[in-house]
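Okay, target.txt now, which holds compact mmCIF, C-alpha atoms:
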```txt
# COMPACT_ATOMS: atom_id res chain seq x y z
CA MET A 238 0.00 0.00 0.00
CA GLN A 239 2.87 2.36 0.66
CA ASP A 240 3.87 2.00 -2.99
CA ALA A 241 0.35 3.04 -3.98
CA ILE A 242 0.57 6.12 -1.79
CA LYS A 243 3.96 7.06 -3.23
CA LYS A 244 2.58 6.75 -6.74
CA THR A 245 0.17 9.59 -6.02
CA THR A 246 3.08 12.03 -6.22
CA ASP A 247 3.85 10.92 -9.78
CA ASP A 248 1.95 11.39 -13.04
CA PRO A 249 -0.33 8.32 -12.91
CA THR A 250 -1.16 6.13 -15.86
CA ASP A 251 -4.84 5.70 -16.69
CA ALA A 252 -4.91 2.41 -14.77
CA GLU A 253 -3.22 3.98 -11.73
CA LEU A 254 -5.58 6.94 -11.84
CA TYR A 255 -8.66 4.72 -11.98
CA ALA A 256 -7.28 2.77 -9.00
CA LEU A 257 -6.97 6.01 -7.04
CA ILE A 258 -10.46 7.14 -8.05
CA GLY A 259 -11.83 3.81 -6.89
CA GLN A 260 -10.77 4.69 -3.36
CA LEU A 261 -13.03 7.75 -3.56
CA LEU A 262 -16.17 5.66 -4.11
CA LEU A 263 -18.14 3.70 -1.51
CA VAL A 264 -21.33 2.20 -2.91
CA GLY A 265 -24.44 0.21 -2.08
CA PHE A 266 -26.52 -2.20 -4.11
CA GLU A 267 -29.77 -4.15 -4.26
CA GLY A 268 -30.28 -7.77 -3.29
CA ALA A 269 -29.56 -10.08 -0.37
CA ASP A 270 -27.42 -13.01 -1.42
CA THR A 271 -24.10 -14.54 -0.41
CA ASP A 272 -22.44 -12.86 -3.40
CA PRO A 273 -22.70 -9.21 -4.40
CA PRO A 274 -24.25 -8.43 -7.80
CA PRO A 275 -21.90 -9.05 -10.76
CA ALA A 276 -21.25 -5.33 -11.33
CA ILE A 277 -20.19 -4.88 -7.71
CA ALA A 278 -18.10 -8.05 -7.75
CA ASP A 279 -16.28 -6.91 -10.90
CA ALA A 280 -15.76 -3.41 -9.51
CA LEU A 281 -14.27 -4.75 -6.28
CA ALA A 282 -11.97 -7.11 -8.17
CA ARG A 283 -10.76 -4.33 -10.49
CA GLY A 284 -10.49 -1.72 -7.73
CA ASP A 285 -13.13 0.49 -9.33
CA ILE A 286 -14.69 1.06 -5.92
CA GLY A 287 -13.10 1.29 -2.49
CA GLY A 288 -15.82 -0.47 -0.56
CA THR A 289 -19.48 -1.19 0.00
CA ILE A 290 -22.28 -0.34 2.40
CA LEU A 291 -25.01 -2.78 3.40
CA PHE A 292 -28.59 -2.04 4.39
CA ARG A 293 -31.46 -4.14 5.68
CA ARG A 294 -32.38 -4.85 2.08
CA ASN A 295 -29.06 -6.71 1.75
CA ILE A 296 -29.48 -8.85 4.87
CA THR A 297 -31.59 -11.94 5.53
CA SER A 298 -29.61 -13.66 8.28
CA VAL A 299 -26.29 -13.41 10.07
CA GLU A 300 -25.03 -16.44 8.15
CA GLN A 301 -25.93 -14.82 4.86
CA VAL A 302 -24.35 -11.45 5.69
CA SER A 303 -21.21 -13.14 7.01
CA ALA A 304 -20.87 -15.06 3.75
CA LEU A 305 -21.56 -11.91 1.70
CA ASN A 306 -18.98 -9.84 3.57
CA THR A 307 -16.44 -12.64 3.33
CA ARG A 308 -16.93 -12.64 -0.42
CA ILE A 309 -16.58 -8.86 -0.60
CA HIS A 310 -13.23 -9.10 1.17
CA GLN A 311 -12.10 -11.96 -1.08
CA LEU A 312 -13.00 -10.10 -4.25
CA SER A 313 -10.77 -7.18 -3.20
CA GLU A 314 -7.74 -9.38 -2.60
CA ASN A 315 -5.80 -7.89 -5.51
CA ALA A 316 -7.06 -4.32 -5.08
CA VAL A 317 -4.72 -1.58 -3.89
CA ALA A 318 -6.14 -1.80 -0.35
CA ALA A 319 -8.63 -3.68 1.77
CA PRO A 320 -12.25 -2.65 1.12
CA PHE A 321 -14.36 -0.66 3.49
CA VAL A 322 -17.36 -2.81 4.44
CA ALA A 323 -19.71 -0.32 6.03
CA VAL A 324 -23.00 -0.31 7.91
CA ASP A 325 -25.17 2.09 9.92
CA GLN A 326 -25.36 0.40 13.33
CA GLU A 327 -26.08 3.35 15.61
CA GLY A 328 -28.69 1.89 17.94
CA GLY A 329 -32.35 2.66 18.49
CA ARG A 330 -34.10 3.49 15.22
CA VAL A 331 -31.03 3.11 13.05
CA VAL A 332 -29.79 -0.46 13.08
CA ARG A 333 -29.35 -2.70 10.06
CA LEU A 334 -28.61 -5.85 12.05
CA LYS A 335 -31.05 -7.11 14.64
CA ASP A 336 -31.67 -10.50 16.23
CA PRO A 337 -29.56 -12.44 17.19
CA LEU A 338 -27.33 -9.41 17.78
CA THR A 339 -27.57 -7.63 21.11
CA PRO A 340 -30.40 -5.05 21.03
CA ILE A 341 -29.00 -1.52 21.17
CA PRO A 342 -30.93 1.31 22.86
CA PRO A 343 -31.09 4.78 21.32
CA MET A 344 -27.93 6.76 21.91
CA ARG A 345 -29.96 9.31 23.86
CA ALA A 346 -30.34 6.68 26.59
CA VAL A 347 -26.57 6.22 26.59
CA GLY A 348 -25.95 9.96 26.83
CA ASP A 349 -28.47 10.32 29.64
CA MET A 350 -26.51 7.85 31.75
CA ALA A 351 -23.49 10.22 31.86
CA ASP A 352 -21.29 7.16 32.37
CA LEU A 353 -18.33 7.32 30.01
CA ARG A 354 -16.99 3.87 30.89
CA LEU A 355 -20.41 2.39 30.12
CA THR A 356 -20.52 4.35 26.86
CA ALA A 357 -17.20 2.83 25.81
CA ASP A 358 -18.49 -0.63 26.75
CA VAL A 359 -21.69 -0.15 24.71
CA SER A 360 -19.63 1.02 21.75
CA GLU A 361 -17.33 -1.98 22.06
CA VAL A 362 -20.31 -4.36 22.07
CA ILE A 363 -21.70 -2.76 18.90
CA ALA A 364 -18.35 -2.81 17.13
CA THR A 365 -17.37 -6.31 18.26
CA GLU A 366 -20.58 -7.82 16.93
CA ILE A 367 -20.48 -6.13 13.54
CA ALA A 368 -16.76 -6.92 13.22
CA ALA A 369 -17.61 -10.60 13.75
CA LEU A 370 -19.75 -10.33 10.61
CA GLY A 371 -17.01 -8.75 8.50
CA PHE A 372 -17.82 -5.03 8.83
CA ASN A 373 -14.92 -2.65 9.43
CA LEU A 374 -16.60 0.77 9.17
CA ASN A 375 -19.59 1.96 11.18
CA PHE A 376 -21.36 5.23 10.39
CA ALA A 377 -21.60 6.21 14.04
CA PRO A 378 -21.54 8.12 16.34
CA VAL A 379 -24.06 10.85 15.66
CA LEU A 380 -22.42 14.14 16.67
CA ASP A 381 -25.50 16.27 16.10
CA VAL A 382 -26.89 18.21 19.06
CA ASP A 383 -30.63 17.57 19.30
CA THR A 384 -31.88 21.06 20.11
CA ASN A 385 -35.11 20.96 18.09
CA PRO A 386 -37.94 18.68 19.32
CA GLU A 387 -39.55 18.94 15.86
CA ASN A 388 -36.49 17.59 14.06
CA PRO A 389 -37.75 14.65 11.95
CA ILE A 390 -34.37 12.96 11.44
CA ILE A 391 -32.18 13.23 14.55
CA GLY A 392 -34.13 13.06 17.81
CA ASP A 393 -32.97 10.25 20.09
CA ARG A 394 -30.20 9.30 17.68
CA ALA A 395 -28.25 12.15 19.32
CA PHE A 396 -26.56 11.66 22.69
CA SER A 397 -28.07 14.86 24.07
CA ASN A 398 -29.41 18.36 23.49
CA ASP A 399 -26.34 19.65 25.35
CA PRO A 400 -23.23 20.03 23.17
CA ALA A 401 -20.88 19.33 26.09
CA ILE A 402 -22.60 16.00 26.80
CA VAL A 403 -22.56 15.07 23.11
CA THR A 404 -18.84 15.82 22.99
CA ARG A 405 -17.91 13.84 26.10
CA THR A 406 -20.08 10.86 25.23
CA ALA A 407 -18.85 10.74 21.63
CA GLY A 408 -15.26 10.69 22.87
CA ALA A 409 -15.98 7.63 24.99
CA PHE A 410 -17.82 6.00 22.08
CA LEU A 411 -14.69 6.26 19.93
CA ILE A 412 -12.72 4.21 22.46
CA GLY A 413 -15.01 1.19 22.18
CA HIS A 414 -14.83 1.10 18.40
CA HIS A 415 -11.05 1.43 18.42
CA ILE A 416 -10.77 -1.48 20.87
CA ALA A 417 -12.81 -3.64 18.50
CA GLN A 418 -10.83 -2.36 15.47
CA VAL A 419 -13.87 -0.93 13.68
CA ILE A 420 -13.56 2.53 12.14
CA PRO A 421 -16.07 5.02 13.61
CA CYS A 422 -17.45 7.81 11.44
CA GLY A 423 -18.96 10.87 13.13
CA LYS A 424 -21.92 12.57 11.47
CA HIS A 425 -23.42 14.93 10.21
CA PHE A 426 -21.05 17.92 9.80
CA PRO A 427 -21.59 20.83 10.49
CA GLY A 428 -24.59 19.75 12.62
CA HIS A 429 -28.07 18.50 11.69
CA GLY A 430 -29.70 18.80 15.12
CA ASP A 431 -31.81 21.95 14.68
CA THR A 432 -33.38 21.34 11.27
CA LEU A 433 -37.05 20.88 10.39
CA VAL A 434 -36.67 18.93 7.15
CA ASP A 435 -35.60 15.34 6.50
CA SER A 436 -32.71 15.56 4.05
CA HIS A 437 -33.80 12.28 2.48
CA ILE A 438 -36.84 14.21 1.21
CA ALA A 439 -35.77 17.85 0.77
CA LEU A 440 -32.94 20.29 1.52
CA PRO A 441 -32.92 21.56 5.12
CA VAL A 442 -31.81 25.10 5.90
CA LEU A 443 -30.11 26.10 9.15
CA GLU A 444 -30.41 29.85 9.63
CA HIS A 445 -28.22 30.27 12.72
CA ASP A 446 -25.39 32.78 12.75
CA ARG A 447 -21.77 31.78 13.23
CA ALA A 448 -21.76 32.58 16.95
CA ARG A 449 -24.58 30.11 17.54
CA LEU A 450 -22.84 27.43 15.44
CA ASP A 451 -19.66 27.85 17.47
CA ALA A 452 -21.57 27.60 20.74
CA VAL A 453 -23.68 24.55 19.85
CA GLU A 454 -23.48 22.69 16.55
CA LEU A 455 -19.73 22.86 16.00
CA GLN A 456 -18.63 21.99 19.54
CA PRO A 457 -18.63 18.20 19.10
CA PHE A 458 -16.98 18.39 15.68
CA ARG A 459 -14.28 20.75 16.93
CA ARG A 460 -13.39 18.32 19.72
CA MET A 461 -13.58 15.26 17.49
CA ALA A 462 -11.29 16.94 14.98
CA SER A 463 -8.73 17.55 17.72
CA ALA A 464 -9.18 13.92 18.87
CA ASN A 465 -8.36 12.71 15.34
CA ILE A 466 -11.61 10.87 14.72
CA PRO A 467 -10.71 8.90 11.57
CA MET A 468 -13.74 9.83 9.46
CA LEU A 469 -16.49 12.44 9.38
CA MET A 470 -19.65 12.49 7.27
CA THR A 471 -21.14 15.67 5.86
CA ALA A 472 -24.74 16.86 6.12
CA HIS A 473 -26.86 17.70 3.08
CA MET A 474 -28.11 21.05 4.38
CA MET A 475 -27.85 24.74 3.65
CA VAL A 476 -26.10 26.89 6.24
CA PRO A 477 -26.23 30.37 4.72
CA CYS A 478 -23.84 31.93 7.23
CA LEU A 479 -21.18 29.51 6.00
CA ASP A 480 -22.14 29.29 2.32
CA PRO A 481 -25.27 30.87 0.84
CA GLU A 482 -24.85 29.06 -2.49
CA HIS A 483 -24.11 25.36 -1.88
CA PRO A 484 -25.15 22.75 0.70
CA SER A 485 -22.48 21.76 3.20
CA THR A 486 -21.54 18.55 1.37
CA LEU A 487 -20.58 20.55 -1.71
CA SER A 488 -19.29 23.69 -0.01
CA ARG A 489 -15.61 24.59 -0.21
CA ALA A 490 -16.11 27.22 2.49
CA THR A 491 -17.60 24.62 4.83
CA ILE A 492 -15.39 21.60 4.16
CA ARG A 493 -12.03 23.05 3.23
CA GLY A 494 -12.39 26.44 4.89
CA LEU A 495 -14.09 25.52 8.17
CA LEU A 496 -13.43 21.82 8.74
CA ARG A 497 -9.94 21.51 7.26
CA ASP A 498 -8.37 24.93 7.74
CA GLU A 499 -10.10 26.32 10.83
CA LEU A 500 -10.85 23.15 12.83
CA GLY A 501 -7.66 21.50 11.62
CA TYR A 502 -9.26 18.20 10.67
CA GLU A 503 -6.86 15.90 8.80
CA GLY A 504 -8.95 12.72 8.56
CA VAL A 505 -11.20 11.35 5.84
CA VAL A 506 -14.35 13.26 4.87
CA ILE A 507 -17.20 11.27 3.33
CA THR A 508 -20.48 12.57 1.95
CA ASP A 509 -23.86 11.42 3.11
CA ASP A 510 -25.65 9.43 0.40
CA LEU A 511 -25.60 11.45 -2.82
CA GLU A 512 -28.90 9.89 -3.92
CA MET A 513 -30.78 11.68 -1.13
CA ALA A 514 -33.24 14.25 -2.46
CA ALA A 515 -31.62 17.12 -0.56
CA VAL A 516 -28.85 17.14 -3.16
CA ALA A 517 -30.04 14.79 -5.93
CA ALA A 518 -33.05 17.00 -6.66
CA HIS A 519 -30.78 19.98 -7.32
CA TYR A 520 -27.58 18.59 -8.87
CA GLU A 521 -26.56 15.91 -11.34
CA ILE A 522 -24.00 13.46 -10.03
CA GLU A 523 -21.31 15.01 -12.24
CA GLU A 524 -21.88 18.39 -10.59
CA MET A 525 -21.83 16.80 -7.15
CA VAL A 526 -18.50 15.04 -7.54
CA GLU A 527 -16.93 18.09 -9.18
CA LEU A 528 -18.08 20.47 -6.45
CA GLY A 529 -17.41 17.90 -3.74
CA LEU A 530 -13.89 17.14 -4.90
CA ARG A 531 -13.04 20.83 -5.01
CA ALA A 532 -14.69 21.38 -1.63
CA GLY A 533 -12.43 18.80 0.02
CA ILE A 534 -14.49 15.59 -0.02
CA ASP A 535 -12.48 12.35 0.06
CA ILE A 536 -15.18 9.68 -0.43
CA PHE A 537 -18.46 9.89 -2.30
CA LEU A 538 -21.18 7.67 -0.83
CA ILE A 539 -23.69 6.35 -3.40
CA CYS A 540 -26.01 3.89 -1.73
CA ARG A 541 -28.05 2.27 -4.48
CA SER A 542 -27.59 2.94 -8.19
CA GLU A 543 -24.80 1.45 -10.32
CA ASP A 544 -25.46 4.01 -13.05
CA ILE A 545 -24.84 6.86 -10.59
CA TRP A 546 -21.52 5.58 -9.25
CA GLN A 547 -20.31 4.66 -12.73
CA ARG A 548 -21.05 8.19 -13.91
CA ALA A 549 -19.27 9.57 -10.83
CA ARG A 550 -16.23 7.42 -11.57
CA LYS A 551 -16.05 8.52 -15.20
CA HIS A 552 -16.44 12.18 -14.35
CA LEU A 553 -13.76 12.08 -11.67
CA PHE A 554 -11.41 10.55 -14.24
CA ALA A 555 -12.25 13.29 -16.76
CA LEU A 556 -11.70 15.99 -14.16
CA ALA A 557 -8.31 14.58 -13.17
CA ARG A 558 -7.17 14.21 -16.77
CA ASN A 559 -8.29 17.66 -17.86
CA ASN A 560 -7.36 19.76 -14.84
CA PHE A 561 -4.06 19.43 -13.01
CA ASP A 562 -5.51 20.87 -9.80
CA ASP A 563 -8.25 18.24 -9.85
CA LEU A 564 -5.64 15.52 -10.39
CA ILE A 565 -3.86 16.72 -7.25
CA ARG A 566 -7.18 16.73 -5.37
CA VAL A 567 -7.89 13.13 -6.41
CA GLN A 568 -4.39 12.10 -5.37
CA ARG A 569 -4.60 13.81 -1.98
CA ALA A 570 -8.03 12.32 -1.28
CA ALA A 571 -6.81 8.85 -2.20
CA GLU A 572 -3.76 9.33 0.02
CA ARG A 573 -5.96 10.07 3.01
CA VAL A 574 -8.19 7.07 2.33
CA LEU A 575 -5.27 4.70 1.80
CA ALA A 576 -3.49 6.00 4.90
CA LEU A 577 -6.62 5.38 6.97
CA LYS A 578 -7.00 1.88 5.61
CA GLU A 579 -3.39 1.07 6.31
CA SER A 580 -3.40 2.49 9.83
CA LEU A 581 -6.67 0.96 11.01
CA LEU A 582 -7.28 -2.01 8.70
CA GLY A 583 -3.65 -3.04 8.29
CA PRO A 584 -1.47 -3.37 5.20
CA LYS A 585 -2.59 -5.43 2.23
CA ARG A 586 -2.90 -9.01 3.41
CA ARG A 587 -4.90 -12.21 3.18
CA PRO A 588 -8.61 -11.33 2.95
CA TRP A 589 -10.65 -11.27 6.13
CA THR A 590 -12.44 -14.50 7.02
CA PRO A 591 -14.83 -15.27 9.91
CA TYR A 592 -13.06 -16.63 12.94
CA PRO A 593 -14.24 -19.85 14.60
CA GLY A 594 -17.12 -19.41 17.01
CA TRP A 595 -18.11 -15.95 15.81
CA GLN A 596 -21.81 -16.80 16.22
CA LYS A 597 -21.32 -17.12 19.99
CA LEU A 598 -20.43 -13.43 20.27
CA LEU A 599 -23.73 -12.23 18.85
CA GLY A 600 -26.16 -11.46 21.64
CA CYS A 601 -23.98 -13.23 24.19
CA GLU A 602 -24.76 -12.93 27.90
CA GLU A 603 -21.89 -10.54 28.56
CA HIS A 604 -23.06 -8.16 25.82
CA ARG A 605 -26.67 -8.28 26.98
CA GLU A 606 -25.57 -7.55 30.53
CA THR A 607 -23.82 -4.42 29.29
CA MET A 608 -27.02 -3.18 27.68
CA ALA A 609 -29.05 -4.16 30.72
CA ARG A 610 -27.09 -1.61 32.73
CA ILE A 611 -28.89 1.16 30.85
CA GLU A 612 -32.18 -0.65 30.30
CA GLN A 613 -34.04 1.04 33.13
CA GLN A 614 -33.46 4.49 31.65
CA ALA A 615 -33.63 3.51 27.97
CA SER A 616 -36.85 3.28 26.01
CA GLY A 617 -35.24 0.56 23.87
CA PRO A 618 -34.99 0.39 20.10
CA SER A 619 -38.08 1.86 18.48
CA GLU A 620 -39.48 0.42 15.30
CA ASP A 621 -39.36 2.72 12.30
CA PRO A 622 -40.48 1.51 8.88
CA THR A 623 -38.33 4.12 7.16
CA GLU A 624 -34.74 3.04 6.63
CA LEU A 625 -32.50 6.06 6.91
CA ASP A 626 -29.49 5.92 4.60
CA ALA A 627 -26.98 7.42 6.98
```
As a first step, turn the structure in this file into structure tokens.
Amino acid sequence: MQDAIKKTTDDPTDAELYALIGQLLLVGFEGADTDPPPAIADALARGDIGGTILFRRNITSVEQVSALNTRIHQLSENAVAAPFVAVDQEGGRVVRLKDPLTPIPPMRAVGDMADLRLTADVSEVIATEIAALGFNLNFAPVLDVDTNPENPIIGDRAFSNDPAIVTRTAGAFLIGHHIAQVIPCGKHFPGHGDTLVDSHIALPVLEHDRARLDAVELQPFRRMASANIPMLMTAHMMVPCLDPEHPSTLSRATIRGLLRDELGYEGVVITDDLEMAAVAAHYEIEEMVELGLRAGIDIFLICRSEDIWQRARKHLFALARNNFDDLIRVQRAAERVLALKESLLGPKRRPWTPYPGWQKLLGCEEHRETMARIEQQASGPSEDPTELDA
């Protein structure tokens, strides 16, 4: 992998450039089988994508998802780096994997406990169980501050309505995932907690001034940036005081100016799903990857459509070949992704395989006892027929 990183300082061949661009794409697909669809399998084998994300639609049983993830890892054996195999396993309303895994309460119940050791233990349970199934990236924790009771998308997914509690609890959450060697990804920058619109449906607008953002929304992200959280996800929302023209995901002022330059964040920045209506209703995918790349995005998340991620891949290649600055941006983004994979997933090696007895970890007595410690104060996972993408 080090050789691949060094190559980014040279003038890459077409094959090398496509390999770098692949690291900028994390994609989802339809179907629940023990093999990914042929297009995904081919893309993993060629290095056209850097990883996958699974949803409930992809999962029928723990045996099936273990076999599917094993195959995803095997297919990437000759790629430049191990694949991300991602899932949204937050707790409460947003879990992709249920029984026989240990039930996870909403993170609000965890935050209300104000017990950082317990928070780390809960996080370790979550990460240990998904790691046993072959996942290595979890889109959690939520770093949003839930200050608006009418917010249709955050609510009890947030640790608290107090930014200091969100910050402290999120820090403890990171520890548990690191122990289990699963990459945590904080979301949704610069803060989705006080919006009135579901970004899966339309584009939210946050009208607060910069002083309010500094006091509330940005507090957890500022601390997580200084704590070197390995990955952050952007929010599809307008914040006019930061950028009156583009949503945060596509905003150079927000990503490069605020997150990179001002907050000093050096980790990987991933978009929320680019097929969500908040952005997809206003931009073609070519516009999104062009604006996103120039804003400072490292990974583009495309959760369903092959046509969309193929178009994104082709346009990124065209940008890099026709604009030297865009080539440098692709190279720098790929460097960050490859460095993260090497540091937390290990150097290129034999593909991951399930270890003997992995089934015994899922929902084991020790894990259930950990959750029982917060059961009295937690409302428990609520059923929600709507599957949120991230």
Give me the residues within 8 Å of segment 460-466 of chain A as an MDAnalysis selection string, counting only C-alpha atoms and dropping any in the same chain fewer than 6 places off. chainID A and resid 404 408 411 421:423 500:504
Just the number, please: distance in Å from atom CA of Glu606 of chain A to atom CA of Ile363 of chain A, one decimal. 13.2 Å
Please tabulate, as JSON lines, the residues of segment 433-515 of chain A that come within 10 Å of segment 398-402 of chain A, each with its closest pair of atoms and the distance in Å to one decimal, counting all atoms listed in the file and ordering rows by chain, then residue number upward.
```
{"residue": "A:Ala452", "atom": "CA", "partner": "A:Pro400", "partner_atom": "CA", "distance": 8.1}
{"residue": "A:Val453", "atom": "CA", "partner": "A:Pro400", "partner_atom": "CA", "distance": 5.6}
{"residue": "A:Glu454", "atom": "CA", "partner": "A:Pro400", "partner_atom": "CA", "distance": 7.1}
{"residue": "A:Leu455", "atom": "CA", "partner": "A:Pro400", "partner_atom": "CA", "distance": 8.5}
{"residue": "A:Gln456", "atom": "CA", "partner": "A:Pro400", "partner_atom": "CA", "distance": 6.2}
{"residue": "A:Pro457", "atom": "CA", "partner": "A:Pro400", "partner_atom": "CA", "distance": 6.4}
{"residue": "A:Phe458", "atom": "CA", "partner": "A:Pro400", "partner_atom": "CA", "distance": 9.9}
{"residue": "A:Arg460", "atom": "CA", "partner": "A:Ala401", "partner_atom": "CA", "distance": 9.9}
```
Mind giving me the straight-line distance from atom CA of Gly428 of chain A to atom CA of Asp381 of chain A in Å, one decimal? 5.0 Å
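When only C-alpha atoms are used to measure the gap to Ala570 of chain A, the shortest distance among A:Ile277, A:Val324, A:Leu599, A:Leu262 belongs to A:Leu262.
Rounded to one decimal, atom CA of Thr250 of chain A and atom CA of Ile539 of chain A lie 25.7 Å from each other.
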Sphere at (-5.9, 12.7, -12.2), radius 9 Å, counting only C-alpha atoms: residues as an mmCIF file with C-alpha atoms, in the frame of the given file:
```cif
data_model
loop_
_atom_site.group_PDB
_atom_site.id
_atom_site.type_symbol
_atom_site.label_atom_id
_atom_site.label_comp_id
_atom_site.auth_asym_id
_atom_site.auth_seq_id
_atom_site.Cartn_x
_atom_site.Cartn_y
_atom_site.Cartn_z
ATOM 1 C CA ASP A 248 1.950 11.390 -13.040
ATOM 2 C CA PRO A 249 -0.330 8.320 -12.910
ATOM 3 C CA THR A 250 -1.160 6.130 -15.860
ATOM 4 C CA ASP A 251 -4.840 5.700 -16.690
ATOM 5 C CA LEU A 254 -5.580 6.940 -11.840
ATOM 6 C CA TYR A 255 -8.660 4.720 -11.980
ATOM 7 C CA LEU A 257 -6.970 6.010 -7.040
ATOM 8 C CA ILE A 258 -10.460 7.140 -8.050
ATOM 9 C CA LEU A 553 -13.760 12.080 -11.670
ATOM 10 C CA PHE A 554 -11.410 10.550 -14.240
ATOM 11 C CA ALA A 555 -12.250 13.290 -16.760
ATOM 12 C CA LEU A 556 -11.700 15.990 -14.160
ATOM 13 C CA ALA A 557 -8.310 14.580 -13.170
ATOM 14 C CA ARG A 558 -7.170 14.210 -16.770
ATOM 15 C CA ASN A 559 -8.290 17.660 -17.860
ATOM 16 C CA ASN A 560 -7.360 19.760 -14.840
ATOM 17 C CA PHE A 561 -4.060 19.430 -13.010
ATOM 18 C CA ASP A 562 -5.510 20.870 -9.800
ATOM 19 C CA ASP A 563 -8.250 18.240 -9.850
ATOM 20 C CA LEU A 564 -5.640 15.520 -10.390
ATOM 21 C CA ILE A 565 -3.860 16.720 -7.250
ATOM 22 C CA ARG A 566 -7.180 16.730 -5.370
ATOM 23 C CA VAL A 567 -7.890 13.130 -6.410
ATOM 24 C CA GLN A 568 -4.390 12.100 -5.370
#
```
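Among the candidate residues A:Phe396, A:Phe372, A:Phe426, A:Tyr592, the one lying nearest to Ile507 of chain A is A:Phe426, with distances computed using only C-alpha atoms.
Compared by their closest atoms to Glu314 of chain A, and using only C-alpha atoms, the residues A:Arg283, A:Arg394, A:Lys335, A:Arg541 rank with A:Arg283 nearest.
If all atoms listed in the file are the atoms counted, then among A:Gln260, A:Asn295, A:Gln596, A:Asn385 the closest residue to Val317 of chain A is A:Gln260.
Using all atoms listed in the file, the protein and nucleic acid residues lying no more than 8 Å from Ser488 of chain A, apart from those fewer than 5 places from it along its own chain, are Asp480, His483, Arg493, Leu528, Gly529 and Ala532 of chain A.
Near (-27.4, 13.1, 20.1), the residues that fall inside 8 Å on the basis of all atoms listed in the file are Met344, Arg345, Gly348, Val379, Leu380, Asp381, Val382, Asp383, Ile391, Gly392, Asp393, Arg394, Ala395, Phe396, Ser397, Asn398, Val403 and Gly430 of chain A.
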Limited to C-alpha atoms, could you put the picked residues into a file as a compact mmCIF listing (two decimals), in the coordinates of the input?
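This went into again29.txt:
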```txt
# COMPACT_ATOMS: atom_id res chain seq x y z
CA MET A 344 -27.93 6.76 21.91
CA ARG A 345 -29.96 9.31 23.86
CA GLY A 348 -25.95 9.96 26.83
CA VAL A 379 -24.06 10.85 15.66
CA LEU A 380 -22.42 14.14 16.67
CA ASP A 381 -25.50 16.27 16.10
CA VAL A 382 -26.89 18.21 19.06
CA ASP A 383 -30.63 17.57 19.30
CA ILE A 391 -32.18 13.23 14.55
CA GLY A 392 -34.13 13.06 17.81
CA ASP A 393 -32.97 10.25 20.09
CA ARG A 394 -30.20 9.30 17.68
CA ALA A 395 -28.25 12.15 19.32
CA PHE A 396 -26.56 11.66 22.69
CA SER A 397 -28.07 14.86 24.07
CA ASN A 398 -29.41 18.36 23.49
CA VAL A 403 -22.56 15.07 23.11
CA GLY A 430 -29.70 18.80 15.12
```
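Every protein, DNA or RNA residue with an atom at most 7 Å from Val302 of chain A, where only C-alpha atoms count and chain neighbours fewer than 6 positions away do not, is listed here: Thr271, Ile296 and Leu370 of chain A.
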May I ask which of the residues A:Pro481, A:Trp546, A:Gly329, A:Glu444 is the closest one to Thr289 of chain A, counting only C-alpha atoms? A:Trp546
So, with all atoms listed in the file as the atoms that count, which of A:Asn375, A:Thr356, A:Ser298, A:Thr339 lies closest to Lys424 of chain A? A:Asn375
Excluding Leu334 of chain A and any residue of its chain fewer than 2 positions from it, enumerate the residues within 8 Å of it, using all atoms listed in the file, and give them as a PyMOL selection string. chain A and resi 293+296+326+332+336+338
Might you pull out every residue within 7 Å of segment 509-520 of chain A, with all atoms listed in the file counted and same-chain residues fewer than 6 positions away left off, and present them as a short mmCIF file (atom, residue, chain, number, x, y, z; two decimals) with C-alpha atoms, in the coordinates of the input?
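Heads up, here's the output in selection-v5.cif:
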```cif
data_model
loop_
_atom_site.label_atom_id
_atom_site.label_comp_id
_atom_site.auth_asym_id
_atom_site.auth_seq_id
_atom_site.Cartn_x
_atom_site.Cartn_y
_atom_site.Cartn_z
CA SER A 436 -32.71 15.56 4.05
CA HIS A 437 -33.80 12.28 2.48
CA ILE A 438 -36.84 14.21 1.21
CA ALA A 439 -35.77 17.85 0.77
CA LEU A 440 -32.94 20.29 1.52
CA MET A 470 -19.65 12.49 7.27
CA THR A 471 -21.14 15.67 5.86
CA ALA A 472 -24.74 16.86 6.12
CA HIS A 473 -26.86 17.70 3.08
CA LEU A 538 -21.18 7.67 -0.83
CA ILE A 539 -23.69 6.35 -3.40
CA CYS A 540 -26.01 3.89 -1.73
CA ASP A 626 -29.49 5.92 4.60
CA ALA A 627 -26.98 7.42 6.98
#
```
Would it be fine to have segment 535-540 of chain A, with N, CA and C atoms, given as a compact mmCIF listing (two decimals), in the first residue's frame?
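Once written, part.txt looks like this:
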```txt
# COMPACT_ATOMS: atom_id res chain seq x y z
N ASP A 535 -13.37 13.47 0.37
CA ASP A 535 -12.48 12.35 0.06
C ASP A 535 -13.22 11.14 -0.50
N ILE A 536 -14.42 10.86 0.01
CA ILE A 536 -15.18 9.68 -0.43
C ILE A 536 -16.60 10.11 -0.75
N PHE A 537 -17.09 9.64 -1.89
CA PHE A 537 -18.46 9.89 -2.30
C PHE A 537 -19.29 8.63 -2.03
N LEU A 538 -20.32 8.78 -1.22
CA LEU A 538 -21.18 7.67 -0.83
C LEU A 538 -22.41 7.64 -1.74
N ILE A 539 -22.58 6.52 -2.45
CA ILE A 539 -23.69 6.35 -3.40
C ILE A 539 -24.34 5.01 -3.06
N CYS A 540 -25.51 5.06 -2.46
CA CYS A 540 -26.01 3.89 -1.73
C CYS A 540 -26.85 2.90 -2.53
```
